[in-house]
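S.K.: File follows, run_19.cif with mmCIF, C-alpha atoms (C1' of nucleotides):
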```cif
data_query
#
loop_
_atom_site.label_atom_id
_atom_site.label_comp_id
_atom_site.auth_asym_id
_atom_site.auth_seq_id
_atom_site.Cartn_x
_atom_site.Cartn_y
_atom_site.Cartn_z
CA MET A 1 -33.73 -1.46 11.26
CA ASN A 2 -33.08 -0.90 7.56
CA GLN A 3 -29.99 -1.45 5.46
CA ALA A 4 -28.74 2.10 5.19
CA PRO A 5 -26.06 3.47 7.49
CA LYS A 6 -27.90 5.78 9.84
CA SER A 7 -25.33 7.28 12.15
CA ALA A 8 -21.79 8.55 12.13
CA GLU A 9 -20.92 5.46 14.10
CA MET A 10 -22.25 3.12 11.44
CA LEU A 11 -20.33 5.01 8.78
CA GLU A 12 -17.20 4.75 10.89
CA THR A 13 -17.63 1.00 11.13
CA ALA A 14 -18.19 0.72 7.40
CA VAL A 15 -15.12 2.82 6.65
CA THR A 16 -12.94 0.74 8.98
CA GLU A 17 -14.08 -2.43 7.27
CA LEU A 18 -13.48 -0.98 3.82
CA SER A 19 -9.99 0.31 4.52
CA LEU A 20 -8.75 -2.72 6.45
CA ALA A 21 -10.19 -5.12 3.88
CA THR A 22 -8.69 -3.25 0.91
CA ALA A 23 -5.32 -2.88 2.63
CA HIS A 24 -5.28 -6.62 3.23
CA LEU A 25 -6.30 -7.38 -0.34
CA LEU A 26 -3.44 -5.30 -1.73
CA ARG A 27 -0.93 -6.96 0.63
CA ARG A 28 -2.22 -10.34 -0.42
CA LEU A 29 -2.09 -9.41 -4.07
CA ARG A 30 1.51 -8.31 -3.75
CA ALA A 31 2.41 -11.52 -1.93
CA GLU A 32 0.85 -13.57 -4.72
CA THR A 33 2.55 -11.65 -7.51
CA ASP A 34 5.95 -12.29 -9.02
CA SER A 35 7.98 -9.41 -7.80
CA ASP A 36 9.56 -8.11 -10.98
CA GLU A 37 6.22 -6.78 -12.12
CA LEU A 38 5.18 -3.13 -12.27
CA GLY A 39 3.83 -1.52 -9.12
CA TRP A 40 0.31 -0.12 -8.72
CA SER A 41 1.22 3.46 -9.36
CA GLN A 42 3.28 2.45 -12.36
CA LEU A 43 0.34 0.54 -13.84
CA ALA A 44 -1.93 3.46 -13.01
CA ILE A 45 0.36 5.83 -14.91
CA LEU A 46 0.40 3.58 -17.97
CA ALA A 47 -3.39 3.33 -17.83
CA ARG A 48 -3.82 7.06 -17.54
CA LEU A 49 -1.40 7.88 -20.36
CA GLY A 50 -3.07 5.23 -22.50
CA ASN A 51 -6.57 6.51 -21.86
CA ASP A 52 -6.05 10.25 -21.70
CA GLY A 53 -2.91 10.82 -23.74
CA PRO A 54 0.32 12.62 -22.77
CA ALA A 55 0.46 14.41 -19.43
CA SER A 56 2.92 16.33 -17.30
CA THR A 57 4.51 15.21 -14.04
CA ALA A 58 2.37 17.62 -12.03
CA ASP A 59 -0.86 16.51 -13.73
CA LEU A 60 -0.13 12.86 -13.06
CA ALA A 61 0.85 13.59 -9.47
CA ARG A 62 -2.45 15.34 -8.84
CA ALA A 63 -4.41 12.57 -10.53
CA GLU A 64 -2.75 9.80 -8.52
CA SER A 65 -2.51 11.61 -5.18
CA MET A 66 1.25 11.71 -5.07
CA LYS A 67 3.77 14.50 -4.58
CA PRO A 68 5.29 15.73 -7.88
CA GLN A 69 8.75 14.66 -6.70
CA SER A 70 7.55 11.10 -6.14
CA MET A 71 5.80 11.06 -9.49
CA GLY A 72 9.00 12.31 -11.12
CA THR A 73 10.95 9.44 -9.62
CA THR A 74 8.36 6.93 -10.75
CA LEU A 75 8.26 8.35 -14.28
CA ALA A 76 12.05 8.21 -14.42
CA MET A 77 11.88 4.46 -13.70
CA LEU A 78 9.32 3.91 -16.44
CA GLU A 79 11.47 5.93 -18.80
CA ARG A 80 14.55 3.86 -17.95
CA GLU A 81 12.53 0.75 -18.83
CA GLY A 82 11.51 2.31 -22.12
CA LEU A 83 7.78 2.37 -21.34
CA VAL A 84 7.29 6.14 -21.49
CA GLU A 85 9.08 8.92 -23.31
CA ARG A 86 9.49 12.65 -22.85
CA ARG A 87 8.19 15.34 -25.14
CA PRO A 88 8.57 19.09 -24.84
CA HIS A 89 5.42 21.01 -23.99
CA PRO A 90 4.38 23.06 -27.06
CA THR A 91 3.96 26.36 -25.21
CA ASP A 92 5.28 26.01 -21.65
CA GLY A 93 9.03 25.48 -21.45
CA ARG A 94 8.87 24.32 -17.85
CA GLN A 95 6.66 21.36 -18.45
CA VAL A 96 7.62 17.96 -19.80
CA LEU A 97 4.94 15.77 -21.29
CA PHE A 98 5.18 12.03 -20.89
CA ALA A 99 3.66 9.63 -23.41
CA LEU A 100 3.50 5.86 -23.79
CA THR A 101 6.05 4.29 -26.11
CA ALA A 102 5.06 1.33 -28.29
CA GLU A 103 6.70 -0.84 -25.67
CA GLY A 104 4.65 0.91 -23.01
CA VAL A 105 1.43 0.12 -24.84
CA GLU A 106 2.43 -3.50 -24.97
CA ALA A 107 3.49 -3.55 -21.30
CA ARG A 108 0.17 -2.11 -20.30
CA ARG A 109 -1.60 -4.93 -22.06
CA LYS A 110 0.60 -7.78 -20.94
CA ARG A 111 2.08 -7.06 -17.56
CA LYS A 112 -1.12 -6.15 -15.81
CA ILE A 113 -2.36 -9.64 -16.63
CA ALA A 114 0.46 -11.24 -14.63
CA LYS A 115 -0.17 -8.82 -11.79
CA HIS A 116 -3.86 -9.67 -11.70
CA GLU A 117 -3.83 -13.37 -12.38
CA TRP A 118 -4.44 -14.34 -8.78
CA LEU A 119 -7.27 -11.86 -8.27
CA VAL A 120 -8.99 -12.87 -11.50
CA ALA A 121 -8.98 -16.46 -10.30
CA ALA A 122 -10.31 -15.49 -6.88
CA MET A 123 -13.03 -13.30 -8.36
CA ALA A 124 -14.07 -15.99 -10.81
CA LYS A 125 -15.14 -18.08 -7.83
CA LEU A 126 -17.69 -15.50 -6.72
CA ASP A 127 -21.20 -15.74 -8.06
CA PRO A 128 -22.36 -13.24 -10.70
CA ALA A 129 -24.32 -11.09 -8.24
CA GLU A 130 -21.25 -10.72 -6.06
CA GLN A 131 -19.13 -9.87 -9.07
CA ARG A 132 -21.61 -7.15 -9.98
CA ILE A 133 -21.34 -5.67 -6.50
CA LEU A 134 -17.56 -5.50 -6.78
CA ILE A 135 -17.75 -3.89 -10.21
CA ALA A 136 -20.15 -1.25 -8.95
CA ALA A 137 -18.00 -0.72 -5.87
CA SER A 138 -14.87 -0.24 -8.00
CA ALA A 139 -16.43 2.77 -9.67
CA LEU A 140 -17.45 4.19 -6.30
CA ILE A 141 -14.00 3.61 -4.83
CA ARG A 142 -12.50 5.42 -7.79
CA ARG A 143 -14.85 8.34 -7.17
CA LEU A 144 -13.88 8.44 -3.50
CA GLY A 145 -10.20 8.51 -4.38
CA ASP A 146 -10.70 11.26 -6.95
CA SER A 147 -12.99 13.37 -4.78
CA MET B 1 -25.95 -7.63 -23.12
CA ASN B 2 -26.57 -8.27 -19.44
CA GLN B 3 -24.80 -6.98 -16.36
CA ALA B 4 -22.76 -10.03 -15.42
CA PRO B 5 -19.16 -10.46 -16.48
CA LYS B 6 -19.25 -13.10 -19.16
CA SER B 7 -15.70 -13.67 -20.22
CA ALA B 8 -12.22 -13.83 -18.81
CA GLU B 9 -11.64 -10.50 -20.50
CA MET B 10 -14.47 -8.82 -18.65
CA LEU B 11 -13.22 -10.20 -15.37
CA GLU B 12 -9.74 -8.92 -16.18
CA THR B 13 -11.12 -5.45 -16.77
CA ALA B 14 -13.09 -5.56 -13.54
CA VAL B 15 -10.05 -6.71 -11.57
CA THR B 16 -7.87 -3.98 -13.05
CA GLU B 17 -10.42 -1.37 -12.07
CA LEU B 18 -10.75 -2.76 -8.58
CA SER B 19 -7.05 -2.96 -7.84
CA LEU B 20 -6.10 0.40 -9.35
CA ALA B 21 -9.01 2.14 -7.64
CA THR B 22 -8.25 0.64 -4.23
CA ALA B 23 -4.53 1.36 -4.55
CA HIS B 24 -5.37 4.97 -5.33
CA LEU B 25 -7.82 5.21 -2.43
CA LEU B 26 -5.21 3.95 0.04
CA ARG B 27 -2.60 6.41 -1.30
CA ARG B 28 -5.09 9.21 -1.01
CA LEU B 29 -6.06 8.15 2.48
CA ARG B 30 -2.45 8.16 3.58
CA ALA B 31 -1.92 11.59 2.05
CA GLU B 32 -4.93 12.95 3.92
CA THR B 33 -3.93 11.45 7.26
CA ASP B 34 -1.70 12.99 9.90
CA SER B 35 1.39 10.90 9.69
CA ASP B 36 1.99 9.86 13.29
CA GLU B 37 -0.99 7.55 13.16
CA LEU B 38 -0.89 3.77 13.11
CA GLY B 39 -0.44 2.02 9.77
CA TRP B 40 -3.01 -0.30 8.19
CA SER B 41 -1.42 -3.51 9.32
CA GLN B 42 -0.98 -2.11 12.82
CA LEU B 43 -4.67 -1.22 12.99
CA ALA B 44 -5.54 -4.64 11.56
CA ILE B 45 -3.53 -6.33 14.29
CA LEU B 46 -5.27 -4.37 17.03
CA ALA B 47 -8.64 -5.21 15.49
CA ARG B 48 -7.83 -8.89 15.27
CA LEU B 49 -6.48 -9.14 18.82
CA GLY B 50 -9.52 -7.21 20.06
CA ASN B 51 -12.00 -9.42 18.23
CA ASP B 52 -10.38 -12.84 18.49
CA GLY B 53 -8.20 -12.59 21.57
CA PRO B 54 -4.47 -13.30 21.95
CA ALA B 55 -2.58 -14.75 19.01
CA SER B 56 0.94 -15.73 18.04
CA THR B 57 3.20 -14.02 15.53
CA ALA B 58 2.77 -16.82 13.04
CA ASP B 59 -1.03 -16.81 13.35
CA LEU B 60 -1.20 -13.08 12.80
CA ALA B 61 1.19 -13.28 9.88
CA ARG B 62 -0.97 -15.86 8.15
CA ALA B 63 -4.13 -13.89 8.86
CA GLU B 64 -2.74 -10.64 7.45
CA SER B 65 -0.76 -12.12 4.53
CA MET B 66 2.62 -11.10 5.82
CA LYS B 67 5.84 -13.00 6.47
CA PRO B 68 6.35 -13.93 10.15
CA GLN B 69 9.51 -11.83 10.29
CA SER B 70 7.61 -8.74 9.11
CA MET B 71 4.83 -9.42 11.57
CA GLY B 72 7.40 -9.78 14.34
CA THR B 73 8.85 -6.38 13.51
CA THR B 74 5.40 -4.80 13.46
CA LEU B 75 4.43 -6.40 16.77
CA ALA B 76 7.68 -5.18 18.32
CA MET B 77 6.70 -1.60 17.39
CA LEU B 78 3.26 -1.99 18.93
CA GLU B 79 4.87 -3.44 22.06
CA ARG B 80 7.29 -0.50 22.28
CA GLU B 81 4.29 1.82 22.17
CA GLY B 82 2.63 -0.16 24.93
CA LEU B 83 -0.36 -1.25 22.83
CA VAL B 84 0.25 -5.00 22.99
CA GLU B 85 1.98 -7.26 25.52
CA ARG B 86 3.61 -10.68 25.44
CA ARG B 87 2.40 -13.75 27.25
CA PRO B 88 3.97 -17.20 27.32
CA HIS B 89 2.10 -19.89 25.46
CA PRO B 90 0.65 -22.35 28.01
CA THR B 91 1.95 -25.50 26.36
CA ASP B 92 4.35 -24.58 23.53
CA GLY B 93 7.53 -22.91 24.72
CA ARG B 94 8.40 -21.65 21.25
CA GLN B 95 5.33 -19.55 20.80
CA VAL B 96 4.66 -16.10 22.21
CA LEU B 97 1.09 -14.88 22.47
CA PHE B 98 0.35 -11.22 21.98
CA ALA B 99 -2.63 -9.51 23.62
CA LEU B 100 -4.01 -5.97 23.70
CA THR B 101 -3.09 -3.86 26.71
CA ALA B 102 -5.63 -1.45 28.19
CA GLU B 103 -3.84 1.25 26.25
CA GLY B 104 -4.17 -0.87 23.11
CA VAL B 105 -7.92 -1.17 23.58
CA GLU B 106 -8.14 2.59 23.88
CA ALA B 107 -5.87 3.15 20.87
CA ARG B 108 -7.99 0.87 18.78
CA ARG B 109 -11.04 2.95 19.61
CA LYS B 110 -9.50 6.38 19.23
CA ARG B 111 -6.74 6.33 16.69
CA LYS B 112 -8.64 4.63 13.93
CA ILE B 113 -11.04 7.55 14.02
CA ALA B 114 -8.28 10.01 13.14
CA LYS B 115 -7.08 7.68 10.41
CA HIS B 116 -10.56 7.43 8.90
CA GLU B 117 -11.85 10.94 9.33
CA TRP B 118 -11.33 11.89 5.71
CA LEU B 119 -12.92 8.73 4.32
CA VAL B 120 -15.94 9.00 6.62
CA ALA B 121 -16.52 12.52 5.30
CA ALA B 122 -16.13 11.38 1.69
CA MET B 123 -18.43 8.41 2.17
CA ALA B 124 -21.05 10.55 3.90
CA LYS B 125 -21.48 12.40 0.61
CA LEU B 126 -22.57 9.25 -1.21
CA ASP B 127 -26.23 8.38 -1.29
CA PRO B 128 -27.51 5.51 0.87
CA ALA B 129 -27.73 3.03 -2.02
CA GLU B 130 -24.08 3.69 -2.87
CA GLN B 131 -23.09 3.32 0.77
CA ARG B 132 -24.83 -0.05 0.86
CA ILE B 133 -22.87 -1.19 -2.20
CA LEU B 134 -19.60 -0.28 -0.52
CA ILE B 135 -20.57 -2.06 2.69
CA ALA B 136 -21.48 -5.21 0.77
CA ALA B 137 -18.27 -4.92 -1.24
CA SER B 138 -16.15 -4.60 1.90
CA ALA B 139 -17.28 -8.01 3.07
CA LEU B 140 -16.53 -9.47 -0.36
CA ILE B 141 -13.10 -7.84 -0.48
CA ARG B 142 -12.34 -9.29 2.93
CA ARG B 143 -13.34 -12.72 1.66
CA LEU B 144 -11.11 -12.33 -1.39
CA GLY B 145 -8.17 -11.37 0.81
CA ASP B 146 -8.74 -14.30 3.15
CA SER B 147 -9.36 -16.86 0.42
"C1'" DT C 1 6.67 35.60 -7.21
"C1'" DA C 2 4.56 31.12 -8.54
"C1'" DT C 3 5.07 26.89 -10.97
"C1'" DT C 4 7.58 22.89 -13.05
"C1'" DG C 5 10.81 19.78 -12.61
"C1'" DT C 6 15.38 17.49 -10.55
"C1'" DT C 7 18.34 15.62 -7.09
"C1'" DA C 8 19.49 14.13 -2.50
"C1'" DT C 9 18.00 12.20 1.59
"C1'" DA C 10 14.99 9.79 4.82
"C1'" DC C 11 11.06 7.13 6.42
"C1'" DT C 12 7.56 3.23 6.31
"C1'" DC C 13 6.41 -1.24 5.15
"C1'" DT C 14 7.60 -5.63 3.88
"C1'" DA C 15 10.87 -9.22 2.12
"C1'" DT C 16 14.96 -12.45 2.41
"C1'" DA C 17 18.71 -14.58 4.87
"C1'" DA C 18 20.99 -16.41 8.86
"C1'" DC C 19 20.52 -17.69 13.37
"C1'" DT C 20 18.71 -19.72 18.13
"C1'" DA C 21 15.42 -22.26 20.82
"C1'" DT C 22 11.84 -25.51 21.37
"C1'" DA C 23 8.91 -29.48 19.60
"C1'" DT D 1 13.77 -32.41 11.19
"C1'" DA D 2 10.16 -28.93 11.48
"C1'" DT D 3 8.30 -24.86 13.56
"C1'" DA D 4 8.48 -20.26 16.26
"C1'" DG D 5 10.76 -16.41 16.89
"C1'" DT D 6 14.79 -12.75 16.49
"C1'" DT D 7 18.07 -9.87 14.25
"C1'" DA D 8 20.30 -7.84 10.29
"C1'" DT D 9 19.98 -6.26 5.80
"C1'" DA D 10 17.71 -4.84 1.54
"C1'" DG D 11 14.18 -3.17 -1.55
"C1'" DA D 12 9.94 -0.63 -3.12
"C1'" DG D 13 7.27 3.32 -2.60
"C1'" DT D 14 6.63 7.78 -1.14
"C1'" DA D 15 7.79 12.07 1.56
"C1'" DT D 16 10.50 16.41 2.59
"C1'" DA D 17 14.07 19.76 1.54
"C1'" DA D 18 16.98 22.43 -1.42
"C1'" DC D 19 17.75 23.81 -5.87
"C1'" DA D 20 17.36 25.44 -11.10
"C1'" DA D 21 14.68 26.94 -14.91
"C1'" DT D 22 10.74 29.13 -16.88
"C1'" DA D 23 6.28 31.75 -16.57
#
```
Can you dump the structure from the file as structure tokens?
M.R.:
Amino acid sequence: MNQAPKSAEMLETAVTELSLATAHLLRRLRAETDSDELGWSQLAILARLGNDGPASTADLARAESMKPQSMGTTLAMLEREGLVERRPHPTDGRQVLFALTAEGVEARRKRKIAKHEWLVAAMAKLDPAEQRILIAASALIRRLGDS
Amino acid sequence: MNQAPKSAEMLETAVTELSLATAHLLRRLRAETDSDELGWSQLAILARLGNDGPASTADLARAESMKPQSMGTTLAMLEREGLVERRPHPTDGRQVLFALTAEGVEARRKRKIAKHEWLVAAMAKLDPAEQRILIAASALIRRLGDS
DNA sequence: TATTGTTATACTCTATAACTATA
DNA sequence: TATAGTTATAGAGTATAACAATA
């Protein structure tokens, strides 16, 4: 008996645990958060535009596993709040590039703090080894989502 | 420079990564799943009733970080599908206990497999050390959600 | 013909509010 | 008066369908 998952059944158990636990964490996090904050996909869009620069609706939809129509709706909200702005694509007249506004840069910095306050406090209570596991797992979870 | 988070800022970064990555994974998982499956909270309810036995609406709501009204609605759906059944509480006439039906036991076994098929495949591609990190992290994430 | 984006509509999940019944 | 549950309504987030513009 070693620590590695050995069978499809063990992987299935692990996957069930992972998905139910993460679903619960996100529900909890929403319950603990003041509701006029930005949603997860909205924060993800700000992060992506901040890190990678301007991007089109279709690019962002692919990156965040959403349909382009849904991404369009979400971008329209962020635009209405003044956090992103439209730019014409230099060569392709169909595309619209979205970029962070100055206000969007500021929102990215500030508003994610409110959203995460509860989780920061909860994570601060873990010991350093446990925190390291979660940090390593975050990178793996991102890879799974992107794969 | 060691591996442990040392400041509030490092914890904030870690928390942002964790929440955005998990939110993306759950979106992706939904996109990859045939849509007539059970939702996450529905699967969580079946798991909890299967592991811990019958429970009331209020108990389940607390356990899954939902409002009792929302839990009531969700339980009503599961009842309509024949997966859970009502029982009177032995001593408290206000409470209703919910329990898995035989069909619910079966659903718990079968339908979560369909829901998780994609993630099992993705996780199977990780190496054993990475799988172990995710398994350890799942338990921590559950603790964070319950805390 | 394929791709990008928009608009309209609908569905899922969860919340809030108002109510009834029991403790 | 406090707690458990129900019903009605609303909101966020995302999907599908139908369409227009550009490649």
S.K.: Select, from C:DA2, C:DA18, C:DA23, C:DC11, the residue with the minimum atom-to-atom distance to DT3 of chain D, counting only C-alpha atoms (C1' of nucleotides).
M.R.: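 Ranking C:DA2, C:DA18, C:DA23, C:DC11 by distance to DT3 of chain D, first place goes to C:DA23.
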S.K.: Taking only C-alpha atoms (C1' of nucleotides) into account, find every residue of chain D that has an atom no more than 10 Å from chain B, and write it out as a ChimeraX atom specification.
M.R.: /D:3-7,14-15
S.K.: Pick the closest to chain B from A:Lys125, A:Arg87, A:Lys110, A:Arg28: which is it, counting all atoms listed in the file?
M.R.: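 Between A:Lys125, A:Arg87, A:Lys110, A:Arg28, the residue approaching chain B most closely is A:Arg28.
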S.K.: To one decimal in Å, tell me the separation between atom CA of Thr33 of chain A and atom CA of Leu46 of chain A.
M.R.: 18.6 Å
S.K.: Given the file above and the PyMOL selection byres ((chain B) within 6 of (chain A)), which residues are selected, and can you give them as a list in words?
M.R.: Ala4, Ala14, Leu18, Ala21, Leu25, Arg28, Ser65, Pro128, Leu134, Ile135, Ala137, Ser138, Ile141, Arg142 and Gly145 of chain B
S.K.: Write down, as number ranges by chain, each residue of chain C that has any atom within 10 Å of an atom of chain B, counting only C-alpha atoms (C1' of nucleotides).
M.R.: C: 12-16, 21-23
S.K.: As an exercise, work out the distance from atom C1' of DA18 of chain D to atom C1' of DT1 of chain C in Å and give it to one decimal place.
M.R.: 17.7 Å
S.K.: To one decimal place, how far is atom C1' of DG11 of chain D from atom CA of Glu37 of chain A in Å?
M.R.: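 Going from atom C1' of DG11 of chain D over to atom CA of Glu37 of chain A, I get 13.7 Å.
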S.K.: Would you pick out the contacts of segment 49-51 of chain B at 8 Å or less, using only C-alpha atoms (C1' of nucleotides), so that residues sharing its chain but fewer than 6 positions from it are not included, and give the list as a list in words?
M.R.: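 Close residues of segment 49-51 of chain B: Phe98, Ala99, Leu100 and Val105 of chain B.
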S.K.: Can you list, as a ChimeraX atom specification, the residues that the PyMOL selection byres ((chain A and resi 83) around 6) selects here?
M.R.: /A:78-79,81-82,84,101,103-104
S.K.: Generate the output file for the selected residues, C-alpha atoms, as an mmCIF file, in the frame of the given file.
M.R.:
```cif
data_model
loop_
_atom_site.group_PDB
_atom_site.id
_atom_site.type_symbol
_atom_site.label_atom_id
_atom_site.label_comp_id
_atom_site.auth_asym_id
_atom_site.auth_seq_id
_atom_site.Cartn_x
_atom_site.Cartn_y
_atom_site.Cartn_z
ATOM 1 C CA LEU A 78 9.320 3.910 -16.440
ATOM 2 C CA GLU A 79 11.470 5.930 -18.800
ATOM 3 C CA GLU A 81 12.530 0.750 -18.830
ATOM 4 C CA GLY A 82 11.510 2.310 -22.120
ATOM 5 C CA VAL A 84 7.290 6.140 -21.490
ATOM 6 C CA THR A 101 6.050 4.290 -26.110
ATOM 7 C CA GLU A 103 6.700 -0.840 -25.670
ATOM 8 C CA GLY A 104 4.650 0.910 -23.010
#
```
S.K.: With N, CA, C and O atoms as the target, complete segment 81-102 of chain B and hand it back as an mmCIF file, keeping the file's coordinate frame.
M.R.:
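Writing done, so here's result_25.cif:
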```cif
data_model
loop_
_atom_site.group_PDB
_atom_site.id
_atom_site.type_symbol
_atom_site.label_atom_id
_atom_site.label_comp_id
_atom_site.auth_asym_id
_atom_site.auth_seq_id
_atom_site.Cartn_x
_atom_site.Cartn_y
_atom_site.Cartn_z
ATOM 1 N N GLU B 81 5.252 0.749 21.890
ATOM 2 C CA GLU B 81 4.290 1.820 22.170
ATOM 3 C C GLU B 81 3.315 1.446 23.284
ATOM 4 O O GLU B 81 2.419 2.224 23.606
ATOM 5 N N GLY B 82 3.458 0.252 23.804
ATOM 6 C CA GLY B 82 2.630 -0.160 24.930
ATOM 7 C C GLY B 82 1.214 -0.586 24.549
ATOM 8 O O GLY B 82 0.331 -0.659 25.393
ATOM 9 N N LEU B 83 0.996 -0.905 23.267
ATOM 10 C CA LEU B 83 -0.360 -1.250 22.830
ATOM 11 C C LEU B 83 -0.634 -2.753 22.886
ATOM 12 O O LEU B 83 -1.784 -3.172 22.969
ATOM 13 N N VAL B 84 0.420 -3.547 22.841
ATOM 14 C CA VAL B 84 0.250 -5.000 22.990
ATOM 15 C C VAL B 84 1.284 -5.496 24.006
ATOM 16 O O VAL B 84 2.286 -4.823 24.274
ATOM 17 N N GLU B 85 1.031 -6.685 24.567
ATOM 18 C CA GLU B 85 1.980 -7.260 25.520
ATOM 19 C C GLU B 85 2.152 -8.743 25.239
ATOM 20 O O GLU B 85 1.278 -9.385 24.656
ATOM 21 N N ARG B 86 3.295 -9.274 25.654
ATOM 22 C CA ARG B 86 3.610 -10.680 25.440
ATOM 23 C C ARG B 86 3.121 -11.537 26.591
ATOM 24 O O ARG B 86 3.188 -11.126 27.737
ATOM 25 N N ARG B 87 2.719 -12.759 26.243
ATOM 26 C CA ARG B 87 2.400 -13.750 27.250
ATOM 27 C C ARG B 87 2.978 -15.081 26.792
ATOM 28 O O ARG B 87 2.964 -15.377 25.603
ATOM 29 N N PRO B 88 3.466 -15.879 27.720
ATOM 30 C CA PRO B 88 3.970 -17.200 27.320
ATOM 31 C C PRO B 88 2.826 -18.063 26.849
ATOM 32 O O PRO B 88 1.695 -17.949 27.344
ATOM 33 N N HIS B 89 3.104 -18.921 25.880
ATOM 34 C CA HIS B 89 2.100 -19.890 25.460
ATOM 35 C C HIS B 89 2.015 -20.988 26.524
ATOM 36 O O HIS B 89 3.047 -21.444 27.017
ATOM 37 N N PRO B 90 0.783 -21.398 26.891
ATOM 38 C CA PRO B 90 0.650 -22.350 28.010
ATOM 39 C C PRO B 90 1.350 -23.685 27.786
ATOM 40 O O PRO B 90 1.849 -24.276 28.740
ATOM 41 N N THR B 91 1.381 -24.152 26.551
ATOM 42 C CA THR B 91 1.950 -25.500 26.360
ATOM 43 C C THR B 91 3.149 -25.529 25.416
ATOM 44 O O THR B 91 3.963 -26.449 25.481
ATOM 45 N N ASP B 92 3.271 -24.560 24.522
ATOM 46 C CA ASP B 92 4.350 -24.580 23.530
ATOM 47 C C ASP B 92 5.359 -23.470 23.833
ATOM 48 O O ASP B 92 5.086 -22.292 23.648
ATOM 49 N N GLY B 93 6.517 -23.875 24.289
ATOM 50 C CA GLY B 93 7.530 -22.910 24.720
ATOM 51 C C GLY B 93 8.111 -22.073 23.610
ATOM 52 O O GLY B 93 8.796 -21.088 23.864
ATOM 53 N N ARG B 94 7.869 -22.459 22.355
ATOM 54 C CA ARG B 94 8.400 -21.650 21.250
ATOM 55 C C ARG B 94 7.541 -20.438 20.985
ATOM 56 O O ARG B 94 8.015 -19.383 20.594
ATOM 57 N N GLN B 95 6.250 -20.611 21.175
ATOM 58 C CA GLN B 95 5.330 -19.550 20.800
ATOM 59 C C GLN B 95 5.242 -18.440 21.845
ATOM 60 O O GLN B 95 5.428 -18.666 23.031
ATOM 61 N N VAL B 96 4.941 -17.233 21.341
ATOM 62 C CA VAL B 96 4.660 -16.100 22.210
ATOM 63 C C VAL B 96 3.281 -15.598 21.818
ATOM 64 O O VAL B 96 3.018 -15.399 20.633
ATOM 65 N N LEU B 97 2.414 -15.429 22.779
ATOM 66 C CA LEU B 97 1.090 -14.880 22.470
ATOM 67 C C LEU B 97 1.089 -13.385 22.729
ATOM 68 O O LEU B 97 1.636 -12.919 23.740
ATOM 69 N N PHE B 98 0.477 -12.665 21.810
ATOM 70 C CA PHE B 98 0.350 -11.220 21.980
ATOM 71 C C PHE B 98 -1.098 -10.889 22.313
ATOM 72 O O PHE B 98 -2.027 -11.482 21.749
ATOM 73 N N ALA B 99 -1.281 -9.934 23.216
ATOM 74 C CA ALA B 99 -2.630 -9.510 23.620
ATOM 75 C C ALA B 99 -2.664 -7.990 23.710
ATOM 76 O O ALA B 99 -1.625 -7.344 23.908
ATOM 77 N N LEU B 100 -3.845 -7.416 23.533
ATOM 78 C CA LEU B 100 -4.010 -5.970 23.700
ATOM 79 C C LEU B 100 -3.792 -5.581 25.156
ATOM 80 O O LEU B 100 -4.244 -6.270 26.067
ATOM 81 N N THR B 101 -3.118 -4.470 25.381
ATOM 82 C CA THR B 101 -3.090 -3.860 26.710
ATOM 83 C C THR B 101 -4.309 -2.945 26.824
ATOM 84 O O THR B 101 -5.020 -2.714 25.844
ATOM 85 N N ALA B 102 -4.538 -2.408 28.021
ATOM 86 C CA ALA B 102 -5.630 -1.450 28.190
ATOM 87 C C ALA B 102 -5.419 -0.260 27.254
ATOM 88 O O ALA B 102 -6.353 0.240 26.622
#
```
